[in-house]
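Listing of run37.pdb, PDB, C-alpha atoms
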```
ATOM      1  CA  MET A 623     114.161  99.648 100.160
ATOM      2  CA  PRO A 624     110.755  97.937 100.024
ATOM      3  CA  ASP A 625     107.596  99.880 100.778
ATOM      4  CA  LEU A 626     106.453  99.136 104.336
ATOM      5  CA  SER A 627     103.938 101.964 104.533
ATOM      6  CA  GLY A 628     101.061 101.069 106.840
ATOM      7  CA  LYS A 629     102.932  98.075 108.281
ATOM      8  CA  VAL A 630     103.749  97.685 111.971
ATOM      9  CA  PHE A 631     106.652  95.657 113.346
ATOM     10  CA  ILE A 632     107.647  94.791 116.890
ATOM     11  CA  ILE A 633     111.372  94.673 117.614
ATOM     12  CA  THR A 634     112.414  93.234 120.960
ATOM     13  CA  GLY A 635     115.624  94.720 122.262
ATOM     14  CA  GLY A 636     115.133  97.382 119.624
ATOM     15  CA  ASN A 637     116.481 100.253 121.692
ATOM     16  CA  GLY A 638     120.127  99.776 120.745
ATOM     17  CA  GLY A 639     122.695  97.825 118.767
ATOM     18  CA  ILE A 640     121.478  95.462 116.061
ATOM     19  CA  GLY A 641     117.866  95.881 117.192
ATOM     20  CA  LEU A 642     117.965  99.630 116.614
ATOM     21  CA  GLY A 643     119.618  99.057 113.238
ATOM     22  CA  LEU A 644     116.729  96.777 112.269
ATOM     23  CA  ALA A 645     114.236  99.352 113.560
ATOM     24  CA  GLU A 646     115.857 102.128 111.530
ATOM     25  CA  GLY A 647     115.555  99.975 108.424
ATOM     26  CA  ILE A 648     111.831  99.505 109.033
ATOM     27  CA  ALA A 649     111.456 103.251 109.595
ATOM     28  CA  ASP A 650     113.374 104.146 106.433
ATOM     29  CA  ALA A 651     111.047 101.869 104.440
ATOM     30  CA  GLY A 652     107.992 103.695 105.791
ATOM     31  CA  GLY A 653     106.953 101.227 108.482
ATOM     32  CA  SER A 654     105.957 101.801 112.108
ATOM     33  CA  VAL A 655     107.918 100.317 114.999
ATOM     34  CA  ALA A 656     107.039  99.073 118.483
ATOM     35  CA  ILE A 657     110.126  98.837 120.689
ATOM     36  CA  TRP A 658     109.978  96.197 123.417
ATOM     37  CA  ALA A 659     112.852  96.410 125.892
ATOM     38  CA  ARG A 660     113.611  96.642 129.596
ATOM     39  CA  ASN A 661     115.463  99.977 129.749
ATOM     40  CA  THR A 662     112.724 102.598 129.509
ATOM     41  CA  GLU A 663     115.024 105.603 129.167
ATOM     42  CA  LYS A 664     117.016 103.961 126.401
ATOM     43  CA  SER A 665     113.800 102.930 124.639
ATOM     44  CA  GLU A 666     112.452 106.481 124.671
ATOM     45  CA  ALA A 667     115.701 107.683 123.082
ATOM     46  CA  ALA A 668     115.304 105.022 120.367
ATOM     47  CA  VAL A 669     111.702 106.109 119.755
ATOM     48  CA  SER A 670     112.879 109.704 119.338
ATOM     49  CA  THR A 671     115.476 108.547 116.809
ATOM     50  CA  LEU A 672     112.862 106.644 114.808
ATOM     51  CA  GLN A 673     110.381 109.501 114.901
ATOM     52  CA  LYS A 674     113.039 111.823 113.502
ATOM     53  CA  ARG A 675     113.303 109.386 110.591
ATOM     54  CA  GLY A 676     109.576 109.886 109.996
ATOM     55  CA  ALA A 677     108.263 106.696 111.605
ATOM     56  CA  GLU A 678     105.457 106.258 114.078
ATOM     57  CA  SER A 679     107.037 104.546 117.046
ATOM     58  CA  HIS A 680     106.188 103.694 120.649
ATOM     59  CA  ALA A 681     108.105 101.959 123.418
ATOM     60  CA  PHE A 682     106.819  99.262 125.758
ATOM     61  CA  THR A 683     108.716  98.054 128.814
ATOM     62  CA  CYS A 684     109.148  94.315 128.499
ATOM     63  CA  ASP A 685     111.185  91.457 129.915
ATOM     64  CA  VAL A 686     110.857  88.868 127.146
ATOM     65  CA  SER A 687     111.500  86.016 129.578
ATOM     66  CA  SER A 688     108.239  86.908 131.357
ATOM     67  CA  GLU A 689     105.113  85.460 129.756
ATOM     68  CA  GLU A 690     103.011  88.059 131.565
ATOM     69  CA  ASP A 691     105.135  90.924 130.204
ATOM     70  CA  VAL A 692     105.024  89.581 126.653
ATOM     71  CA  GLN A 693     101.253  89.157 126.675
ATOM     72  CA  ARG A 694     100.736  92.594 128.221
ATOM     73  CA  CYS A 695     103.011  94.305 125.711
ATOM     74  CA  MET A 696     101.240  92.636 122.815
ATOM     75  CA  GLN A 697      97.913  94.041 123.983
ATOM     76  CA  GLU A 698      99.441  97.480 124.557
ATOM     77  CA  THR A 699     101.006  97.399 121.093
ATOM     78  CA  LEU A 700      97.721  96.452 119.460
ATOM     79  CA  SER A 701      95.959  99.228 121.353
ATOM     80  CA  ALA A 702      98.524 101.758 120.149
ATOM     81  CA  PHE A 703      98.807 100.655 116.512
ATOM     82  CA  GLY A 704      95.667  98.630 115.831
ATOM     83  CA  ARG A 705      97.579  95.811 114.133
ATOM     84  CA  ILE A 706     100.976  94.184 113.693
ATOM     85  CA  ASP A 707     102.576  92.765 110.574
ATOM     86  CA  GLY A 708     105.540  91.027 112.101
ATOM     87  CA  LEU A 709     108.036  90.734 114.903
ATOM     88  CA  PHE A 710     111.817  90.612 115.220
ATOM     89  CA  ALA A 711     112.792  88.520 118.263
ATOM     90  CA  ASN A 712     116.095  90.262 118.839
ATOM     91  CA  ALA A 713     116.367  90.685 122.621
ATOM     92  CA  GLY A 714     119.159  88.654 124.143
ATOM     93  CA  ARG A 715     121.890  88.525 126.721
ATOM     94  CA  GLY A 716     125.479  87.409 126.565
ATOM     95  CA  GLY A 717     127.050  84.506 128.362
ATOM     96  CA  THR A 718     129.160  84.839 131.488
ATOM     97  CA  GLY A 719     132.319  83.160 130.260
ATOM     98  CA  THR A 720     132.172  80.624 133.086
ATOM     99  CA  PRO A 721     134.044  77.403 132.204
ATOM    100  CA  PHE A 722     131.534  74.741 131.218
ATOM    101  CA  VAL A 723     132.355  72.402 134.101
ATOM    102  CA  ASP A 724     131.635  75.244 136.533
ATOM    103  CA  VAL A 725     128.362  76.460 135.011
ATOM    104  CA  SER A 726     125.507  76.151 137.488
ATOM    105  CA  LEU A 727     122.037  75.104 136.432
ATOM    106  CA  GLU A 728     120.775  78.500 137.607
ATOM    107  CA  GLU A 729     123.243  80.335 135.359
ATOM    108  CA  TRP A 730     122.379  78.075 132.408
ATOM    109  CA  ARG A 731     118.655  78.686 132.853
ATOM    110  CA  LYS A 732     119.045  82.475 133.137
ATOM    111  CA  ILE A 733     120.696  82.585 129.708
ATOM    112  CA  MET A 734     118.135  80.212 128.207
ATOM    113  CA  ALA A 735     115.267  82.225 129.714
ATOM    114  CA  VAL A 736     116.083  85.277 127.592
ATOM    115  CA  ASN A 737     117.822  83.830 124.538
ATOM    116  CA  LEU A 738     115.528  80.870 123.865
ATOM    117  CA  ASP A 739     112.414  81.077 126.043
ATOM    118  CA  GLY A 740     112.075  84.774 125.230
ATOM    119  CA  VAL A 741     112.167  84.026 121.518
ATOM    120  CA  PHE A 742     109.540  81.303 121.958
ATOM    121  CA  LEU A 743     107.222  83.577 123.945
ATOM    122  CA  THR A 744     107.431  86.561 121.613
ATOM    123  CA  LEU A 745     107.121  84.517 118.414
ATOM    124  CA  ARG A 746     104.175  82.616 119.862
ATOM    125  CA  GLU A 747     102.264  85.772 120.807
ATOM    126  CA  ALA A 748     102.960  87.364 117.432
ATOM    127  CA  ALA A 749     101.923  84.197 115.579
ATOM    128  CA  ARG A 750      98.664  84.002 117.514
ATOM    129  CA  HIS A 751      97.724  87.514 116.489
ATOM    130  CA  LEU A 752      98.873  87.193 112.881
ATOM    131  CA  ILE A 753      96.807  84.018 112.458
ATOM    132  CA  ASP A 754      93.736  85.742 113.905
ATOM    133  CA  GLN A 755      94.366  88.815 111.769
ATOM    134  CA  GLY A 756      94.548  86.649 108.652
ATOM    135  CA  THR A 757      96.850  88.921 106.653
ATOM    136  CA  GLY A 758     100.083  86.922 106.808
ATOM    137  CA  GLY A 759     103.278  88.476 108.078
ATOM    138  CA  SER A 760     106.935  88.060 108.874
ATOM    139  CA  LEU A 761     108.593  86.615 111.970
ATOM    140  CA  VAL A 762     112.348  86.906 112.399
ATOM    141  CA  ALA A 763     114.477  85.493 115.198
ATOM    142  CA  VAL A 764     117.972  86.870 115.696
ATOM    143  CA  SER A 765     120.335  83.971 116.279
ATOM    144  CA  SER A 766     124.132  84.133 115.990
ATOM    145  CA  THR A 767     127.007  82.745 113.969
ATOM    146  CA  SER A 768     127.733  80.683 117.083
ATOM    147  CA  ALA A 769     124.848  78.496 115.919
ATOM    148  CA  VAL A 770     127.106  77.534 113.000
ATOM    149  CA  HIS A 771     130.659  77.450 114.336
ATOM    150  CA  GLY A 772     130.025  76.686 118.006
ATOM    151  CA  ALA A 773     130.766  78.751 121.082
ATOM    152  CA  GLY A 774     133.397  77.066 123.210
ATOM    153  CA  GLY A 775     133.553  78.819 126.570
ATOM    154  CA  ASN A 776     130.049  80.219 126.030
ATOM    155  CA  GLU A 777     128.074  77.005 125.742
ATOM    156  CA  ALA A 778     124.718  78.185 127.102
ATOM    157  CA  TYR A 779     124.630  81.127 124.711
ATOM    158  CA  GLY A 780     125.620  79.006 121.712
ATOM    159  CA  THR A 781     123.109  76.306 122.586
ATOM    160  CA  ALA A 782     120.287  78.827 122.924
ATOM    161  CA  LYS A 783     121.124  80.424 119.589
ATOM    162  CA  THR A 784     121.256  77.004 117.928
ATOM    163  CA  GLY A 785     117.857  76.230 119.416
ATOM    164  CA  VAL A 786     116.516  79.440 117.876
ATOM    165  CA  THR A 787     117.393  78.252 114.372
ATOM    166  CA  GLY A 788     115.624  74.929 114.981
ATOM    167  CA  LEU A 789     112.513  76.728 116.216
ATOM    168  CA  VAL A 790     112.535  78.950 113.131
ATOM    169  CA  ARG A 791     112.664  75.982 110.744
ATOM    170  CA  ALA A 792     109.788  74.271 112.532
ATOM    171  CA  LEU A 793     107.651  77.409 112.540
ATOM    172  CA  ALA A 794     108.353  78.107 108.875
ATOM    173  CA  VAL A 795     106.681  74.788 108.070
ATOM    174  CA  ALA A 796     103.864  75.123 110.593
ATOM    175  CA  LEU A 797     102.903  78.710 109.752
ATOM    176  CA  ALA A 798     103.288  78.661 105.964
ATOM    177  CA  ARG A 799      99.591  77.812 105.573
ATOM    178  CA  HIS A 800      98.824  81.154 107.214
ATOM    179  CA  GLN A 801     101.129  83.070 104.827
ATOM    180  CA  ILE A 802     103.474  83.798 107.723
ATOM    181  CA  ARG A 803     107.150  83.699 106.824
ATOM    182  CA  VAL A 804     109.681  82.759 109.507
ATOM    183  CA  ASN A 805     113.422  83.318 109.117
ATOM    184  CA  SER A 806     116.481  83.653 111.317
ATOM    185  CA  LEU A 807     119.166  86.316 111.132
ATOM    186  CA  LEU A 808     122.704  85.333 112.094
ATOM    187  CA  PRO A 809     124.864  88.404 112.751
ATOM    188  CA  GLY A 810     128.629  88.198 112.756
ATOM    189  CA  TRP A 811     130.857  90.191 115.075
ATOM    190  CA  THR A 812     129.176  93.572 115.496
ATOM    191  CA  ILE A 813     130.152  96.609 117.578
ATOM    192  CA  THR A 814     127.356  96.680 120.154
ATOM    193  CA  GLU A 815     127.035  97.272 123.880
ATOM    194  CA  LEU A 816     126.673  93.517 124.412
ATOM    195  CA  ALA A 817     129.895  92.825 122.516
ATOM    196  CA  THR A 818     131.917  95.704 123.994
ATOM    197  CA  PRO A 819     134.058  93.530 126.323
ATOM    198  CA  ALA A 820     135.060  91.315 123.391
ATOM    199  CA  TYR A 821     135.714  94.277 121.088
ATOM    200  CA  GLU A 822     137.894  96.005 123.679
ATOM    201  CA  ASN A 823     140.027  92.867 124.066
ATOM    202  CA  ASP A 824     142.792  93.686 121.591
ATOM    203  CA  ARG A 825     143.855  90.097 121.047
ATOM    204  CA  PHE A 826     140.297  88.817 120.532
ATOM    205  CA  ARG A 827     139.398  91.674 118.194
ATOM    206  CA  GLU A 828     142.532  91.049 116.153
ATOM    207  CA  VAL A 829     141.840  87.306 115.814
ATOM    208  CA  THR A 830     138.161  87.711 114.858
ATOM    209  CA  THR A 831     138.930  90.522 112.427
ATOM    210  CA  ARG A 832     141.625  88.458 110.727
ATOM    211  CA  ARG A 833     139.231  85.530 110.376
ATOM    212  CA  THR A 834     136.529  87.748 108.820
ATOM    213  CA  PRO A 835     137.118  88.084 105.037
ATOM    214  CA  VAL A 836     136.031  91.751 104.979
ATOM    215  CA  ARG A 837     138.582  92.371 107.764
ATOM    216  CA  ARG A 838     136.421  94.343 110.194
ATOM    217  CA  TRP A 839     133.497  94.119 112.595
ATOM    218  CA  ALA A 840     130.034  95.276 111.507
ATOM    219  CA  ASP A 841     128.330  98.471 112.567
ATOM    220  CA  PRO A 842     124.686  98.127 113.725
ATOM    221  CA  SER A 843     123.609 100.519 110.967
ATOM    222  CA  GLU A 844     124.501  97.810 108.451
ATOM    223  CA  PHE A 845     121.426  95.851 109.576
ATOM    224  CA  ARG A 846     118.964  98.447 108.280
ATOM    225  CA  GLU A 847     118.547  97.039 104.782
ATOM    226  CA  ILE A 848     118.413  93.389 105.828
ATOM    227  CA  GLY A 849     115.730  94.285 108.375
ATOM    228  CA  ALA A 850     113.588  95.922 105.713
ATOM    229  CA  PHE A 851     114.160  92.976 103.370
ATOM    230  CA  LEU A 852     113.084  90.395 105.943
ATOM    231  CA  ALA A 853     109.974  92.460 106.716
ATOM    232  CA  ASP A 854     109.069  92.951 103.042
ATOM    233  CA  PRO A 855     105.611  91.431 102.421
ATOM    234  CA  SER A 856     106.427  90.920  98.738
ATOM    235  CA  GLN A 857     109.000  88.228  99.650
ATOM    236  CA  THR A 858     106.305  85.565  99.806
ATOM    237  CA  PHE A 859     108.575  82.627  98.875
ATOM    238  CA  HIS A 860     111.356  83.361 101.367
ATOM    239  CA  THR A 861     110.919  81.361 104.556
ATOM    240  CA  GLY A 862     112.736  78.937 106.839
ATOM    241  CA  GLN A 863     116.136  80.395 106.006
ATOM    242  CA  GLN A 864     119.226  81.328 107.997
ATOM    243  CA  VAL A 865     120.401  84.705 106.726
ATOM    244  CA  CYS A 866     124.020  85.386 107.719
ATOM    245  CA  LEU A 867     125.262  88.960 107.851
ATOM    246  CA  ASP A 868     128.755  88.209 109.015
ATOM    247  CA  GLY A 869     131.324  89.541 106.543
ATOM    248  CA  GLY A 870     132.017  85.967 105.476
ATOM    249  CA  TYR A 871     133.016  84.783 108.971
ATOM    250  CA  THR A 872     131.175  81.454 108.812
ATOM    251  CA  ILE A 873     132.669  80.422 105.455
ATOM    252  CA  PHE A 874     136.331  81.245 106.119
TER
END
```

Final structure tokens representation of the file:
Amino acid sequence: MPDLSGKVFIITGGNGGIGLGLAEGIADAGGSVAIWARNTEKSEAAVSTLQKRGAESHAFTCDVSSEEDVQRCMQETLSAFGRIDGLFANAGRGGTGTPFVDVSLEEWRKIMAVNLDGVFLTLREAARHLIDQGTGGSLVAVSSTSAVHGAGGNEAYGTAKTGVTGLVRALAVALARHQIRVNSLLPGWTITELATPAYENDRFREVTTRRTPVRRWADPSEFREIGAFLADPSQTFHTGQQVCLDGGYTIF
């Protein structure tokens, strides 16, 4: 684990699943965590978990698709911690499974609003503050392996996650002069609340497990170390990369 003592990281959607795994990794490395999420009760439970691991942590109620919410939560976070050193844009929503030819524009835009617009808004606010602060930092956007292998039957989700990786590459170039690193994290099949319907489908779980070289789905706790690594301020030459944590799914 790197030493993140004195560092503060925002994790959107950090009250469960992969987001909480990332938050636990920051906490275990000595960092402080601001949880931004919509479910207040769930966020308070996550804060309690992080505090038990020895981390300073606070929760802020936020809908990342709302520019007003994002800007408000940034100010509240700065008031609580005094600074930030990075942000993990992890909040997202799944697709509906509607056949592509039947997807309405409204449905398409709802998925984009969280999975792409929300990433844009949160990364932009974090970048603004990090530039003003002048101390560099780390920005991470959680994409998906669907950005690599496609997402037939879930086109809006896959398109949004592909857009995230393009945004990350552009920002890595644009923000390098400010010593701000920008990377994307591409999780494979992971046992989370969002993925529960897929995991409980015996046939789907069997097919995806067989295709994954390690022959299982990931547990959210397995994202602790990669979260701490991506936040590590000593990794000054690591930017603009897609980091897959997928058990080999995208290469098999």

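For A:Arg694, the set of protein, DNA and RNA residues having any atom at most 10 Å away, when counting all atoms listed in the file and skipping those fewer than 6 positions along the same chain, is Phe682, Thr683, Cys684 and Ser688 of chain A.
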
message: From the options A:Leu761, A:Ile813, A:Val741, A:Ala713, which residue's atoms come nearest to A:Glu689, counting only C-alpha atoms?
response: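 When distances to A:Glu689 are compared using only C-alpha atoms, the smallest one comes from A:Val741.
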
message: I need the residue nearest A:Leu867 from this list: A:Gly635, A:Gly759, A:Gly785, A:Pro842. Use all atoms listed in the file for the distance.
response: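 Checking each of A:Gly635, A:Gly759, A:Gly785, A:Pro842 against A:Leu867, counting all atoms listed in the file, the winner is A:Pro842.
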
- request: Please write as an MDAnalysis selection string the full residue list that the PyMOL selection byres ((chain A and resi 726-734) around 12) yields on this file.
  value: chainID A and resid 686:688 713:725 735:742 776:786

Neighbour list for A:Ala656 as a PyMOL selection string, cut-off 6 Å, all atoms listed in the file, skip fewer than 5 positions in-chain: chain A and resi 632+679-681

Residues near A:Glu678, anyone? I mean within 8 Å using all atoms listed in the file, not counting same-chain ones fewer than 6 positions away, as a JSON list (two decimals) with C-alpha atoms, in the coordinates of the input.
```json
[["chain", "number", "residue", "atom", "x", "y", "z"],
["A", 653, "GLY", "CA", 106.95, 101.23, 108.48],
["A", 654, "SER", "CA", 105.96, 101.80, 112.11],
["A", 655, "VAL", "CA", 107.92, 100.32, 115.00],
["A", 672, "LEU", "CA", 112.86, 106.64, 114.81]]
```

- prompt: What lies within 7 Å of A:Thr767 using all atoms listed in the file, ignoring chain neighbours under 3 positions off, as a list in words?
  reply: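 Non-adjacent residues within range: Val770, His771, Leu808, Pro809, Gly810 and Thr872 of chain A.
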
I need the residues from that last selection saved to file as a PDB file, in the frame of the given file (with C-alpha atoms), if you can.
```pdb
ATOM      1  CA  VAL A 770     127.106  77.534 113.000  1.00  0.00           C
ATOM      2  CA  HIS A 771     130.659  77.450 114.336  1.00  0.00           C
ATOM      3  CA  LEU A 808     122.704  85.333 112.094  1.00  0.00           C
ATOM      4  CA  PRO A 809     124.864  88.404 112.751  1.00  0.00           C
ATOM      5  CA  GLY A 810     128.629  88.198 112.756  1.00  0.00           C
ATOM      6  CA  THR A 872     131.175  81.454 108.812  1.00  0.00           C
TER       7      THR A 872
END
```

- request: On this file, the PyMOL selection byres ((chain A and resi 814-824) around 10) gives some set of residues; write that set as a PyMOL selection string.
  value: chain A and resi 638-641+714-717+811-813+825-831+839-842

task: Given the file shown, enumerate the residues that the PyMOL selection byres ((chain A and resi 651) around 6) captures and present them as a list in words.
output: Met623, Pro624, Asp625, Leu626, Ile648, Ala649, Asp650, Gly652 and Gly653 of chain A

- prompt: In terms of the shortest atom-to-atom distance over all atoms listed in the file, which of A:Met696, A:Val836, A:Ala853, A:Leu745 is closest to A:Asp868?
  reply: A:Val836

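Between A:Val669 and the residues A:Ala645, A:Cys695, A:Ala702, A:Leu743, the shortest atom-to-atom distance, using only C-alpha atoms, involves A:Ala645.
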
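With distances restricted to only C-alpha atoms, A:Ala748 is the closest residue to A:Gln693 from A:Ala748, A:Ala794, A:Ala667, A:Leu807.
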
query: Using only C-alpha atoms, which residue out of A:Ala677, A:Leu642, A:Ile657, A:Ile802 lies closest to A:Glu698?
result: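 Comparing A:Ala677, A:Leu642, A:Ile657, A:Ile802 against A:Glu698, the winner is A:Ile657.
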
- request: For A:Gly647, work out the shell of residues within 6 Å, counting only C-alpha atoms and skipping chain neighbours fewer than 4 positions away, then give it as an NGL selection string.
  value: :A and (846-847 or 849-850)

task: Around the point (109.6, 80.3, 107.9) in the file's coordinates, collect all residues with an atom within 10 Å, using all atoms listed in the file, and return them as number ranges by chain.
output: A: 760-762, 789-798, 801-806, 859-864

For the residues in the current selection, export C-alpha atoms as a short mmCIF file (atom, residue, chain, number, x, y, z; two decimals), in the coordinates of the input.
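Writing done, so here's out.cif:
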```
data_model
loop_
_atom_site.label_atom_id
_atom_site.label_comp_id
_atom_site.auth_asym_id
_atom_site.auth_seq_id
_atom_site.Cartn_x
_atom_site.Cartn_y
_atom_site.Cartn_z
CA SER A 760 106.94 88.06 108.87
CA LEU A 761 108.59 86.62 111.97
CA VAL A 762 112.35 86.91 112.40
CA LEU A 789 112.51 76.73 116.22
CA VAL A 790 112.54 78.95 113.13
CA ARG A 791 112.66 75.98 110.74
CA ALA A 792 109.79 74.27 112.53
CA LEU A 793 107.65 77.41 112.54
CA ALA A 794 108.35 78.11 108.88
CA VAL A 795 106.68 74.79 108.07
CA ALA A 796 103.86 75.12 110.59
CA LEU A 797 102.90 78.71 109.75
CA ALA A 798 103.29 78.66 105.96
CA GLN A 801 101.13 83.07 104.83
CA ILE A 802 103.47 83.80 107.72
CA ARG A 803 107.15 83.70 106.82
CA VAL A 804 109.68 82.76 109.51
CA ASN A 805 113.42 83.32 109.12
CA SER A 806 116.48 83.65 111.32
CA PHE A 859 108.58 82.63 98.88
CA HIS A 860 111.36 83.36 101.37
CA THR A 861 110.92 81.36 104.56
CA GLY A 862 112.74 78.94 106.84
CA GLN A 863 116.14 80.40 106.01
CA GLN A 864 119.23 81.33 108.00
#
```

field: Atom-to-atom span, atom CA of A:Lys629 and atom CA of A:Ile706, Å
entry: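 The value is 6.9 Å.
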
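Atom CA of A:Arg799 to atom CA of A:Ile633 spans 23.8 Å [interatomic distance, one decimal].
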